[in-house]
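Data from query-v5.cif: mmCIF, C-alpha atoms
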```cif
data_start
#
loop_
_atom_site.label_atom_id
_atom_site.label_comp_id
_atom_site.auth_asym_id
_atom_site.auth_seq_id
_atom_site.Cartn_x
_atom_site.Cartn_y
_atom_site.Cartn_z
CA MET A 391 24.79 3.83 27.48
CA GLU A 392 24.08 0.29 28.53
CA ALA A 393 20.77 1.32 30.04
CA LEU A 394 19.75 3.11 26.84
CA SER A 395 20.41 0.10 24.64
CA LEU A 396 18.59 -2.16 27.11
CA LEU A 397 15.65 0.25 27.03
CA GLN A 398 15.71 0.24 23.23
CA PHE A 399 15.84 -3.55 23.15
CA THR A 400 12.90 -3.77 25.53
CA PHE A 401 10.90 -1.30 23.46
CA ASP A 402 11.65 -3.20 20.26
CA THR A 403 10.67 -6.49 21.82
CA VAL A 404 7.42 -5.11 23.23
CA LEU A 405 6.57 -3.51 19.89
CA GLY A 406 7.38 -6.72 18.04
CA VAL A 407 5.26 -8.88 20.32
CA THR A 408 2.40 -6.37 20.07
CA LEU A 409 2.63 -6.46 16.27
CA LEU A 410 2.39 -10.25 16.24
CA TRP A 411 -0.45 -10.28 18.75
CA LEU A 412 -2.41 -7.58 16.88
CA ALA A 413 -1.97 -9.47 13.62
CA TRP A 414 -3.25 -12.70 15.16
CA ARG A 415 -6.23 -10.95 16.78
CA ALA A 416 -7.06 -9.15 13.54
CA LEU A 417 -7.06 -12.38 11.52
CA ALA A 418 -8.85 -14.50 14.10
CA SER A 419 -11.48 -12.00 15.21
CA GLU A 420 -15.02 -13.28 15.15
CA ASN A 421 -16.35 -9.99 13.77
CA LEU A 422 -14.86 -8.70 10.50
CA PHE A 423 -15.33 -5.06 11.46
CA LYS A 424 -13.26 -5.63 14.60
CA GLY A 425 -10.64 -7.36 12.51
CA ILE A 426 -10.33 -4.46 10.10
CA VAL A 427 -10.04 -1.91 12.91
CA LEU A 428 -7.31 -4.04 14.51
CA PHE A 429 -5.62 -4.15 11.11
CA ILE A 430 -5.59 -0.34 11.00
CA ALA A 431 -4.00 -0.30 14.46
CA PHE A 432 -1.49 -2.86 13.19
CA GLY A 433 -0.61 -0.53 10.33
CA LEU A 434 -0.01 2.36 12.70
CA LEU A 435 2.28 0.24 14.88
CA MET A 436 4.12 -0.81 11.73
CA ALA A 437 4.77 2.87 11.08
CA LEU A 438 6.31 3.04 14.56
CA ALA A 439 8.48 0.03 13.73
CA TRP A 440 9.69 1.76 10.58
CA VAL A 441 10.70 4.77 12.64
CA ARG A 442 12.65 2.48 14.97
CA LEU A 443 14.44 1.05 11.94
CA ASP A 444 15.43 4.55 10.68
CA ALA A 445 13.19 4.21 7.62
CA LEU A 446 11.35 7.52 7.82
CA ASP A 447 10.15 7.67 4.22
CA VAL A 448 8.73 4.18 4.60
CA ALA A 449 7.05 5.25 7.86
CA LEU A 450 5.31 8.18 6.14
CA ALA A 451 4.17 5.98 3.27
CA GLU A 452 2.97 3.20 5.59
CA ALA A 453 1.02 5.53 7.87
CA ALA A 454 -0.79 7.16 4.97
CA ILE A 455 -1.23 4.23 2.59
CA GLY A 456 -0.81 1.07 4.64
CA ALA A 457 -2.86 2.06 7.64
CA GLY A 458 -5.12 4.81 6.35
CA LEU A 459 -6.00 3.99 2.78
CA THR A 460 -6.04 0.20 3.08
CA GLY A 461 -8.19 0.48 6.19
CA ALA A 462 -10.66 2.76 4.40
CA LEU A 463 -10.73 0.42 1.39
CA LEU A 464 -11.44 -2.62 3.59
CA LEU A 465 -14.18 -0.87 5.56
CA VAL A 466 -15.95 0.32 2.41
CA ALA A 467 -15.71 -3.16 0.91
CA LEU A 468 -17.16 -4.67 4.08
CA THR A 469 -20.09 -2.23 3.90
CA ARG A 470 -20.74 -3.02 0.24
CA LEU A 471 -20.42 -6.74 0.97
CA ASP A 472 -23.00 -6.64 3.72
CA SER A 473 -25.46 -4.59 1.71
CA LYS A 474 -25.02 -6.67 -1.44
CA GLN A 475 -25.84 -9.86 0.38
CA VAL A 476 -29.38 -8.60 0.69
CA THR A 477 -29.83 -8.09 -3.05
CA ASP A 478 -29.21 -11.05 -5.30
CA LYS A 479 -29.01 -11.90 -8.99
CA ALA A 480 -31.18 -8.93 -10.03
CA ASP A 481 -28.36 -6.54 -9.22
CA ASN A 482 -25.92 -8.85 -10.90
CA LYS A 483 -27.85 -8.82 -14.15
CA ILE A 484 -27.71 -5.03 -14.39
CA ASP A 485 -24.00 -5.08 -13.75
CA GLU A 486 -23.40 -7.75 -16.40
CA ALA A 487 -25.26 -5.75 -19.03
CA GLU A 488 -23.01 -2.80 -18.24
CA VAL A 489 -19.85 -4.85 -18.53
CA ASP A 490 -20.75 -6.73 -21.74
CA GLY A 491 -22.05 -3.52 -23.31
CA PRO A 492 -20.75 -1.64 -26.33
CA ARG A 493 -17.32 -1.09 -24.76
CA MET B 1063 -12.08 -19.49 16.88
CA ASP B 1064 -13.00 -22.35 14.58
CA PRO B 1065 -12.68 -21.30 10.95
CA ASP B 1066 -14.71 -23.90 9.16
CA ASN B 1067 -15.67 -27.54 9.26
CA ASN B 1068 -14.18 -28.06 5.81
CA ASN B 1069 -10.73 -28.31 7.34
CA SER B 1070 -10.38 -31.35 9.55
CA THR B 1071 -8.26 -31.08 12.68
CA LEU B 1072 -5.68 -33.39 11.13
CA PHE B 1073 -5.24 -30.96 8.24
CA ARG B 1074 -4.85 -28.05 10.64
CA TYR B 1075 -2.23 -29.78 12.77
CA LEU B 1076 -0.38 -30.88 9.66
CA LEU B 1077 -0.43 -27.30 8.38
CA ILE B 1078 0.84 -25.98 11.70
CA ALA B 1079 3.65 -28.54 11.66
CA VAL B 1080 4.65 -27.54 8.12
CA LEU B 1081 4.57 -23.86 9.01
CA ILE B 1082 6.66 -24.40 12.13
CA THR B 1083 9.25 -26.21 10.03
CA MET B 1084 9.20 -23.36 7.53
CA THR B 1085 9.60 -20.80 10.31
CA ALA B 1086 12.54 -22.72 11.73
CA GLY B 1087 14.15 -22.84 8.30
CA LEU B 1088 13.66 -19.12 7.74
CA VAL B 1089 15.04 -18.26 11.19
CA TYR B 1090 18.07 -20.43 10.48
CA ALA B 1091 18.56 -18.66 7.14
CA LEU B 1092 18.22 -15.31 8.89
CA LEU B 1093 20.74 -16.17 11.61
CA SER B 1094 23.30 -17.38 9.09
CA LEU B 1095 23.35 -13.99 7.33
CA PRO B 1096 26.45 -11.85 7.97
CA LEU B 1097 26.10 -9.29 10.73
CA LEU B 1098 27.37 -6.43 8.60
CA ALA B 1099 26.34 -6.02 4.98
CA SER B 1100 26.47 -2.59 3.44
CA GLY B 1101 24.50 -3.54 0.34
CA LEU B 1102 24.49 -0.62 -2.08
CA SER B 1103 24.69 2.18 0.51
CA PHE B 1104 28.31 2.95 -0.31
CA GLN B 1105 27.59 3.43 -4.02
CA VAL B 1106 24.56 5.57 -3.22
CA THR B 1107 26.51 7.91 -0.90
CA GLN B 1108 29.28 8.20 -3.47
CA ASN B 1109 26.96 9.27 -6.27
CA LEU B 1110 24.53 11.30 -4.18
CA GLN B 1111 25.78 14.71 -5.27
CA LEU B 1112 25.37 13.72 -8.91
CA SER B 1113 21.73 12.83 -8.37
CA GLY B 1114 20.37 16.31 -7.75
CA VAL B 1115 18.77 15.64 -4.36
CA GLU B 1116 20.11 15.13 -0.85
CA ASN B 1117 17.65 12.55 0.41
CA PRO B 1118 19.16 9.16 -0.51
CA VAL B 1119 15.80 7.39 -0.72
CA THR B 1120 14.45 10.01 -3.15
CA ALA B 1121 17.67 9.75 -5.13
CA VAL B 1122 17.25 5.98 -5.40
CA LEU B 1123 13.54 6.20 -6.23
CA LEU B 1124 13.63 9.01 -8.75
CA ASN B 1125 17.11 8.83 -10.22
CA PHE B 1126 19.09 5.66 -9.72
CA ARG B 1127 16.08 3.31 -9.97
CA ALA B 1128 13.80 5.68 -11.85
CA TYR B 1129 12.79 2.91 -14.22
CA ASP B 1130 11.23 0.96 -11.32
CA THR B 1131 9.21 3.99 -10.27
CA PHE B 1132 8.15 4.52 -13.88
CA LEU B 1133 6.86 0.96 -14.07
CA GLU B 1134 5.16 1.38 -10.72
CA MET B 1135 3.07 4.22 -12.15
CA GLY B 1136 2.13 1.72 -14.82
CA VAL B 1137 1.13 -0.85 -12.21
CA LEU B 1138 -1.14 1.68 -10.49
CA LEU B 1139 -2.78 2.54 -13.78
CA LEU B 1140 -3.18 -1.13 -14.63
CA ALA B 1141 -4.90 -1.85 -11.31
CA LEU B 1142 -7.24 1.07 -11.96
CA LEU B 1143 -8.00 -0.23 -15.46
CA ALA B 1144 -8.83 -3.63 -14.00
CA VAL B 1145 -11.11 -2.12 -11.35
CA TRP B 1146 -12.82 0.03 -13.98
CA SER B 1147 -13.36 -2.95 -16.26
CA LEU B 1148 -15.22 -4.81 -13.54
CA GLY B 1149 -18.16 -2.44 -13.18
CA THR B 1150 -19.41 1.10 -12.76
CA LEU B 1151 -19.42 3.27 -9.66
CA PRO B 1152 -21.45 1.69 -6.87
CA LYS B 1153 -24.51 3.70 -5.98
CA GLN B 1154 -23.88 6.04 -3.10
CA ARG B 1155 -26.36 6.02 -0.28
CA GLU B 1156 -28.32 9.24 0.00
CA THR B 1157 -27.71 9.97 3.69
CA ALA B 1158 -26.30 13.34 4.67
CA PRO B 1159 -22.89 13.31 6.35
CA GLY B 1160 -22.91 14.01 10.06
CA GLU B 1161 -21.87 17.29 11.67
CA VAL B 1162 -18.49 16.00 12.79
CA LEU B 1163 -17.55 14.73 9.34
CA ASN B 1164 -18.68 17.95 7.67
CA SER B 1165 -16.79 20.34 9.92
CA LEU B 1166 -13.71 18.17 10.27
CA SER B 1167 -13.36 17.65 6.55
CA GLY B 1168 -13.78 21.36 5.96
CA LEU B 1169 -10.87 21.93 8.31
CA LEU B 1170 -8.72 19.00 7.33
CA ILE B 1171 -8.85 18.99 3.54
CA PRO B 1172 -7.04 22.31 3.00
CA ILE B 1173 -4.47 21.30 5.62
CA LEU B 1174 -3.97 17.97 3.87
CA VAL B 1175 -3.45 19.66 0.52
CA LEU B 1176 -0.93 22.02 2.12
CA MET B 1177 0.83 19.09 3.77
CA ALA B 1178 0.98 17.22 0.49
CA SER B 1179 2.65 20.16 -1.25
CA TYR B 1180 5.12 20.47 1.62
CA LEU B 1181 5.96 16.76 1.52
CA LEU B 1182 6.49 16.99 -2.22
CA TRP B 1183 8.88 19.91 -1.88
CA VAL B 1184 10.83 18.71 1.14
CA GLY B 1185 11.33 15.25 -0.37
CA ALA B 1186 14.54 16.45 -1.95
CA SER B 1187 16.34 16.98 1.34
CA ALA B 1188 14.33 15.30 4.11
CA PRO B 1189 11.96 12.31 4.32
CA GLY B 1190 9.10 12.91 1.95
CA GLY B 1191 8.60 12.74 -1.76
CA ALA B 1192 6.05 11.92 -4.42
CA PHE B 1193 4.51 8.80 -2.88
CA GLN B 1194 4.04 10.29 0.54
CA ALA B 1195 2.57 13.49 -0.90
CA GLY B 1196 0.34 11.53 -3.28
CA SER B 1197 -1.02 9.39 -0.47
CA VAL B 1198 -1.84 12.46 1.66
CA LEU B 1199 -3.69 13.89 -1.36
CA ALA B 1200 -5.51 10.57 -1.65
CA ALA B 1201 -6.51 10.87 2.01
CA ALA B 1202 -7.97 14.31 1.27
CA GLY B 1203 -9.83 12.86 -1.71
CA VAL B 1204 -11.22 9.97 0.35
CA LEU B 1205 -12.48 12.46 2.95
CA LEU B 1206 -14.17 14.41 0.16
CA ILE B 1207 -15.90 11.31 -1.16
CA LEU B 1208 -17.02 10.30 2.30
CA THR B 1209 -18.82 13.62 2.70
CA GLY B 1210 -20.85 12.81 -0.42
CA TRP B 1211 -18.94 14.91 -2.92
CA GLN B 1212 -19.01 13.75 -6.51
CA LEU B 1213 -16.82 14.83 -9.39
CA ASN B 1214 -18.44 17.34 -11.71
CA GLU B 1215 -20.05 15.67 -14.74
CA LYS B 1216 -18.01 17.69 -17.22
CA LEU B 1217 -14.74 16.62 -15.61
CA GLN B 1218 -15.51 12.92 -15.53
CA GLY B 1219 -14.51 12.13 -19.08
CA LEU B 1220 -11.30 13.35 -20.65
CA PRO B 1221 -9.97 15.65 -17.87
CA LEU B 1222 -10.10 12.83 -15.34
CA ARG B 1223 -8.23 10.54 -17.69
CA PHE B 1224 -5.62 13.20 -18.43
CA ALA B 1225 -4.99 13.67 -14.71
CA LEU B 1226 -4.70 9.90 -14.24
CA VAL B 1227 -2.05 9.40 -16.92
CA ALA B 1228 -0.16 12.63 -16.17
CA GLY B 1229 2.48 10.97 -13.99
CA LEU B 1230 3.24 8.13 -16.37
CA SER B 1231 3.25 10.35 -19.46
CA ILE B 1232 5.51 13.02 -18.01
CA PHE B 1233 7.89 10.31 -16.86
CA MET B 1234 7.95 8.80 -20.34
CA ALA B 1235 8.21 12.22 -21.99
CA VAL B 1236 11.25 13.13 -19.89
CA GLY B 1237 12.87 9.81 -20.66
CA VAL B 1238 12.26 10.04 -24.40
CA VAL B 1239 13.40 13.67 -24.60
CA LEU B 1240 16.61 12.66 -22.84
CA MET B 1241 17.07 9.94 -25.44
CA LEU B 1242 16.60 12.49 -28.20
CA PHE B 1243 19.43 14.47 -26.63
CA GLY B 1244 21.75 11.54 -26.95
CA ARG B 1245 21.52 10.11 -23.41
CA ARG B 1246 19.99 6.84 -22.35
CA PHE B 1247 16.37 6.52 -21.23
CA LEU B 1248 15.92 8.42 -17.94
CA GLU B 1249 19.61 9.29 -17.59
CA TYR B 1250 19.43 12.83 -16.16
CA PRO B 1251 22.37 15.22 -16.67
CA PRO B 1252 23.48 16.27 -13.15
CA SER B 1253 22.94 19.98 -13.80
CA VAL B 1254 19.18 19.70 -14.45
CA ALA B 1255 18.55 16.54 -12.41
CA ALA B 1256 16.96 18.41 -9.49
CA ALA B 1257 14.51 20.27 -11.73
CA LEU B 1258 13.59 17.12 -13.67
CA ILE B 1259 13.03 15.17 -10.46
CA LEU B 1260 10.76 17.91 -9.11
CA LEU B 1261 8.78 18.00 -12.36
CA ILE B 1262 8.32 14.23 -12.42
CA GLU B 1263 7.43 14.14 -8.74
CA ALA B 1264 4.80 16.87 -9.11
CA ALA B 1265 3.05 15.03 -11.94
CA ALA B 1266 3.40 11.75 -10.09
CA THR B 1267 1.88 13.20 -6.91
CA VAL B 1268 -1.25 14.35 -8.73
CA SER B 1269 -1.54 11.05 -10.57
CA ILE B 1270 -1.01 8.89 -7.50
CA GLY B 1271 -3.54 10.88 -5.48
CA ILE B 1272 -6.24 10.70 -8.13
CA THR B 1273 -5.53 7.03 -8.94
CA LEU B 1274 -5.79 6.01 -5.29
CA VAL B 1275 -9.07 7.94 -4.89
CA ALA B 1276 -10.42 6.29 -8.05
CA LEU B 1277 -9.38 2.87 -6.69
CA PHE B 1278 -11.23 3.72 -3.50
CA SER B 1279 -14.38 4.62 -5.45
CA GLY B 1280 -14.37 1.15 -6.93
CA GLY B 1281 -15.84 1.57 -10.40
CA ARG B 1282 -15.70 3.58 -13.58
CA PRO B 1283 -17.73 6.78 -13.71
CA GLU B 1284 -21.01 6.68 -15.57
CA SER B 1285 -21.07 8.60 -18.82
CA GLU B 1286 -24.28 9.68 -20.48
CA GLN B 1287 -22.94 9.44 -24.01
CA GLN B 1288 -20.69 6.59 -25.12
CA MET C 760 21.94 -4.05 15.75
CA SER C 761 19.54 -5.80 18.06
CA ALA C 762 16.68 -3.90 16.41
CA VAL C 763 17.59 -5.66 13.15
CA PHE C 764 17.41 -9.03 14.84
CA VAL C 765 14.13 -8.42 16.65
CA TYR C 766 12.26 -6.95 13.69
CA SER C 767 13.38 -9.53 11.17
CA LEU C 768 12.16 -12.30 13.48
CA VAL C 769 8.86 -10.45 13.87
CA GLY C 770 8.66 -10.19 10.09
CA ILE C 771 9.14 -13.94 9.68
CA GLY C 772 6.48 -14.54 12.31
CA LEU C 773 4.03 -12.21 10.56
CA PHE C 774 4.63 -13.95 7.23
CA ASN C 775 3.87 -17.38 8.62
CA LEU C 776 0.88 -16.11 10.60
CA GLY C 777 -0.53 -14.60 7.44
CA LEU C 778 0.14 -17.76 5.46
CA TYR C 779 -1.69 -19.88 8.03
CA ALA C 780 -4.69 -17.55 8.00
CA LEU C 781 -4.67 -17.45 4.19
CA ILE C 782 -4.95 -21.23 3.97
CA ILE C 783 -7.34 -21.83 6.84
CA TYR C 784 -10.07 -19.20 6.53
CA PRO C 785 -12.57 -19.49 3.67
CA HIS C 786 -13.91 -15.93 3.84
CA LEU C 787 -12.36 -13.83 1.08
CA LEU C 788 -11.99 -10.66 3.14
CA ARG C 789 -9.96 -12.55 5.72
CA LYS C 790 -7.78 -13.90 2.94
CA ILE C 791 -7.13 -10.37 1.72
CA LEU C 792 -6.26 -9.29 5.28
CA ALA C 793 -3.92 -12.28 5.56
CA VAL C 794 -2.12 -11.42 2.31
CA ASN C 795 -1.64 -7.85 3.50
CA ILE C 796 -0.11 -9.08 6.74
CA MET C 797 2.19 -11.42 4.83
CA GLY C 798 3.29 -8.45 2.76
CA SER C 799 3.96 -6.38 5.86
CA GLY C 800 6.07 -9.20 7.27
CA VAL C 801 8.19 -9.36 4.13
CA PHE C 802 8.68 -5.58 4.18
CA LEU C 803 9.77 -5.74 7.82
CA VAL C 804 12.42 -8.34 7.00
CA LEU C 805 13.67 -6.30 4.02
CA VAL C 806 13.99 -3.03 5.93
CA ALA C 807 15.40 -4.68 9.05
CA LEU C 808 18.13 -6.34 7.00
CA ALA C 809 18.89 -2.98 5.38
CA GLY C 810 20.07 -1.64 8.71
CA ARG C 811 23.12 -3.82 8.89
CA THR C 812 25.47 -1.24 7.37
CA ALA C 813 28.81 -0.48 8.93
CA SER C 814 28.26 3.27 8.94
CA GLY C 815 24.95 3.16 10.79
CA VAL C 816 23.07 4.90 7.98
CA PRO C 817 20.72 2.28 6.55
CA ASP C 818 20.91 1.17 2.94
CA PRO C 819 18.36 3.23 1.00
CA VAL C 820 17.73 0.75 -1.83
CA PRO C 821 15.55 -1.65 0.21
CA HIS C 822 13.70 1.40 1.59
CA ALA C 823 12.84 2.45 -1.95
CA MET C 824 11.77 -1.11 -2.82
CA VAL C 825 9.50 -1.27 0.22
CA ILE C 826 7.87 2.08 -0.60
CA THR C 827 7.16 0.75 -4.08
CA GLY C 828 5.90 -2.45 -2.50
CA ILE C 829 3.48 -0.64 -0.21
CA VAL C 830 1.92 1.26 -3.11
CA VAL C 831 1.64 -1.89 -5.24
CA ALA C 832 0.13 -3.74 -2.28
CA VAL C 833 -2.61 -1.16 -1.83
CA SER C 834 -3.53 -1.22 -5.51
CA ALA C 835 -3.58 -5.02 -5.49
CA THR C 836 -5.77 -4.93 -2.38
CA ALA C 837 -8.18 -2.54 -4.08
CA LEU C 838 -8.43 -4.82 -7.11
CA ALA C 839 -8.83 -7.91 -4.92
CA LEU C 840 -11.66 -6.24 -2.99
CA VAL C 841 -13.53 -5.37 -6.18
CA LEU C 842 -13.08 -8.96 -7.35
CA MET C 843 -14.39 -10.20 -4.01
CA LEU C 844 -17.48 -8.01 -4.41
CA ARG C 845 -18.05 -9.46 -7.89
CA VAL C 846 -17.67 -13.04 -6.62
CA SER C 847 -20.09 -12.26 -3.82
CA ALA C 848 -22.61 -10.75 -6.22
CA ALA C 849 -22.31 -13.72 -8.58
CA THR C 850 -22.42 -16.58 -6.08
CA GLY C 851 -24.26 -14.94 -3.19
CA GLN C 852 -21.55 -15.43 -0.58
CA PRO C 853 -18.03 -14.05 -0.18
CA GLU C 854 -16.31 -17.42 -0.32
CA LEU C 855 -14.81 -19.35 -3.17
CA PRO C 856 -17.16 -22.10 -4.34
CA GLU C 857 -16.18 -25.58 -3.17
CA GLU C 858 -15.20 -28.01 -5.89
CA LYS C 859 -17.71 -30.78 -6.27
#
```

Could you render the structure from this file as C-alpha cells?
Amino acid sequence: MEALSLLQFTFDTVLGVTLLWLAWRALASENLFKGIVLFIAFGLLMALAWVRLDALDVALAEAAIGAGLTGALLLVALTRLDSKQVTDKADNKIDEAEVDGPR
Amino acid sequence: MDPDNNNSTLFRYLLIAVLITMTAGLVYALLSLPLLASGLSFQVTQNLQLSGVENPVTAVLLNFRAYDTFLEMGVLLLALLAVWSLGTLPKQRETAPGEVLNSLSGLLIPILVLMASYLLWVGASAPGGAFQAGSVLAAAGVLLILTGWQLNEKLQGLPLRFALVAGLSIFMAVGVVLMLFGRRFLEYPPSVAAALILLIEAAATVSIGITLVALFSGGRPESEQQ
Amino acid sequence: MSAVFVYSLVGIGLFNLGLYALIIYPHLLRKILAVNIMGSGVFLVLVALAGRTASGVPDPVPHAMVITGIVVAVSATALALVLMLRVSAATGQPELPEEK
C-alpha cells in the first residue's frame, strides 16, 4: 500500500504543479485567444482535481460550467471585442438610444 | 511578458514582496489547522434518511440548505436582468455554420438533452442533480446558438420569461405552501421530501439552462411592439 | 490526507497568482480571467479542507457551497464581460481609463 500512496502523492503533486503552471501561462500569454484556450484546459484539469478530492458533484459542475460555459463566454466576448474595436461611437449611439428608450 | 509601462519595476517588486508575505501567512494559517475536522458531515449522515435523497450533496443543496439554493436562483436571475439592462442582442454574423458543426450538433444535442434528464434523475442517489443537469442543457443551448439558431419570435416575450422564472417561482411556491400547512419556509415533511425535491430540481434545471444560454447570448431579445 | 495538503497549497498559490495578475494587467479581459482563477483557488482550498473527516467520506457542506460558488462565478463573469464590452464601446479600448 505504500507504493499506492506514493503514486497518489506523485500524481497529486504533478497535477497541482500543472494547474499552477497552466494558470500562469493563461494569465501571462501574449495572445488573448491562447490565454482563453489555456484557461479552458485549466478548467478541465480542475475537474480532475475535484475527482481526486472525492468531490464528484463539484467535478461535474466544474467540467460543464467552469471549463465549458466560461470558456465559451470568454471566446465570444473576445470575438465581439475585436469586432467592436473597428466600429466606434456610431454603434454606441444606437445602443444608448435603445437603453434610454421608453423602458 | 511586460504588462504595461504604467507600473514601474519598483511597484512590481513591491507587489511581489507583499504577495509573498501574504502567501506565507496563508500557508502558516493552513498548516496550523487541525488535521482532522469533521465539520458538519456527522450531522448530515445522521439526518440523511429524513431528507428524502441518498446523495448527501443533493440533500445539503436541496433540503438542509435549500434557502441558499433558492437565493442562488435569484442571483442568476439578477445577473440576467443586469445583462439585459445593458443592451439588446448583439447582431449575429450571417455566415453559415460549417459541416462539422452542423452534423456534430445534430448528433450531440439530443444526447445532451438525454444526459441532462439522466443527471437530474440520478442526482438523488449518485453524483448529479439540478445544477449539473442545467449546465448540460445550457451546453446544448450554446451549441444551438452557435449553429445560428434563433428563438422563435412568438416565444421571445412572455414564454421565455416564464421559463426563466420557473425555478425561482416553484421554489417559492413550495416554500409558501409549506408555510400555509403550518411548517416553516422550505421545511419539507420527510414523507414527501423526495417528490418535492424532484419537482424543485426539474423546474430549476430548465431555469438554469435557459438562464445560462440567455447570459451567453449577451443581450435582451428585440421585440417589435413595446 | 496528503491530497488535502497538496491541493490546499495549490489553491493558495492560484489565489495569489490571480491577485497579482488582477493588479498588474490593465486589459479588462485578463482581469476577468484573473478573478476566475482566484475563485478557482478559493474553491480548491474549501474542498480540500472538506476532506479532513475522520470517516474518510468528505464533508458535503463545502461541496454544496462550491457548486453554488461555481454557478455564481459564471453569472458574474457573464455580467463582467458584457460590462467590458460596454466600456470598450464607450471608450474605444478594453481598459479602464487612467485618472488624470

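Across the structure, atom CA of B:Phe1193 and atom CA of C:Arg811 are spaced 25.4 Å apart.
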
Residues selected by the PyMOL selection byres ((chain A) within 9 of (chain C)), written as a PyMOL selection string: chain A and resi 395+398-399+402-403+406-407+409-410+413-414+416-418+422+425-426+429+433+436+439-440+442-445+447-448+451-452+455-456+459-460+463-464+467-468+470-471+474-475+477-479+481-482

Selected residue, from B:Val1198, B:Leu1176, B:Val1227, B:Val1122, that lies nearest to chain A when counting all atoms listed in the file: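 Comparing B:Val1198, B:Leu1176, B:Val1227, B:Val1122 against chain A, the winner is B:Val1198.
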
Output check: residues returned by the PyMOL selection byres ((chain B) within 9 of (chain C)), as a PyMOL selection string: chain B and resi 1065-1066+1068-1069+1074+1077-1078+1081-1082+1084-1085+1088-1089+1092-1093+1096-1104+1106+1118-1123+1127+1130-1131+1134+1137-1138+1141-1142+1144-1145+1148-1149+1193+1274+1277-1278+1280-1281

B:Ile1259 surroundings by all atoms listed in the file, 10 Å radius, close-in-sequence under 2 positions cut, as JSON, numbers by chain: {"B": [1113, 1114, 1115, 1120, 1121, 1123, 1124, 1125, 1128, 1186, 1192, 1233, 1236, 1250, 1254, 1255, 1256, 1257, 1261, 1262, 1263, 1264]}

Could the residues of chain B that have an atom at most 6 Å from chain A be listed as a tab-separated table, each with its closest atom pair and the distance in Å to one decimal, counting only C-alpha atoms and ordered by chain and ascending residue number?
```
residue	atom	partner	partner_atom	distance
B:Pro1189	CA	A:Asp447	CA	5.0
B:Gly1190	CA	A:Asp447	CA	5.8
B:Gln1194	CA	A:Ala451	CA	5.1
B:Ser1197	CA	A:Ala454	CA	5.9
B:Phe1278	CA	A:Leu463	CA	5.9
```

As a compact mmCIF listing (two decimals) with C-alpha atoms, in the frame of the given file, please: the residues near B:Pro1172 (cut-off 12 Å, only C-alpha atoms, same-chain neighbours under 5 positions excluded).
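File produced: around21.txt:
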```
# COMPACT_ATOMS: atom_id res chain seq x y z
CA LEU B 1166 -13.71 18.17 10.27
CA SER B 1167 -13.36 17.65 6.55
CA MET B 1177 0.83 19.09 3.77
CA ALA B 1178 0.98 17.22 0.49
CA SER B 1179 2.65 20.16 -1.25
CA VAL B 1198 -1.84 12.46 1.66
CA LEU B 1199 -3.69 13.89 -1.36
CA ALA B 1201 -6.51 10.87 2.01
CA ALA B 1202 -7.97 14.31 1.27
CA GLY B 1203 -9.83 12.86 -1.71
CA LEU B 1205 -12.48 12.46 2.95
CA LEU B 1206 -14.17 14.41 0.16
```

For atom CA of B:Leu1226 and atom CA of B:Val1175, the interatomic separation in Å (one decimal):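 Taking atom CA of B:Leu1226 as the start and atom CA of B:Val1175 as the end point, the length is 17.7 Å.
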
Computed interatomic separation between atom CA of B:Ser1279 and atom CA of A:Leu434 (Å):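 Distance reported for this atom pair: 23.3 Å.
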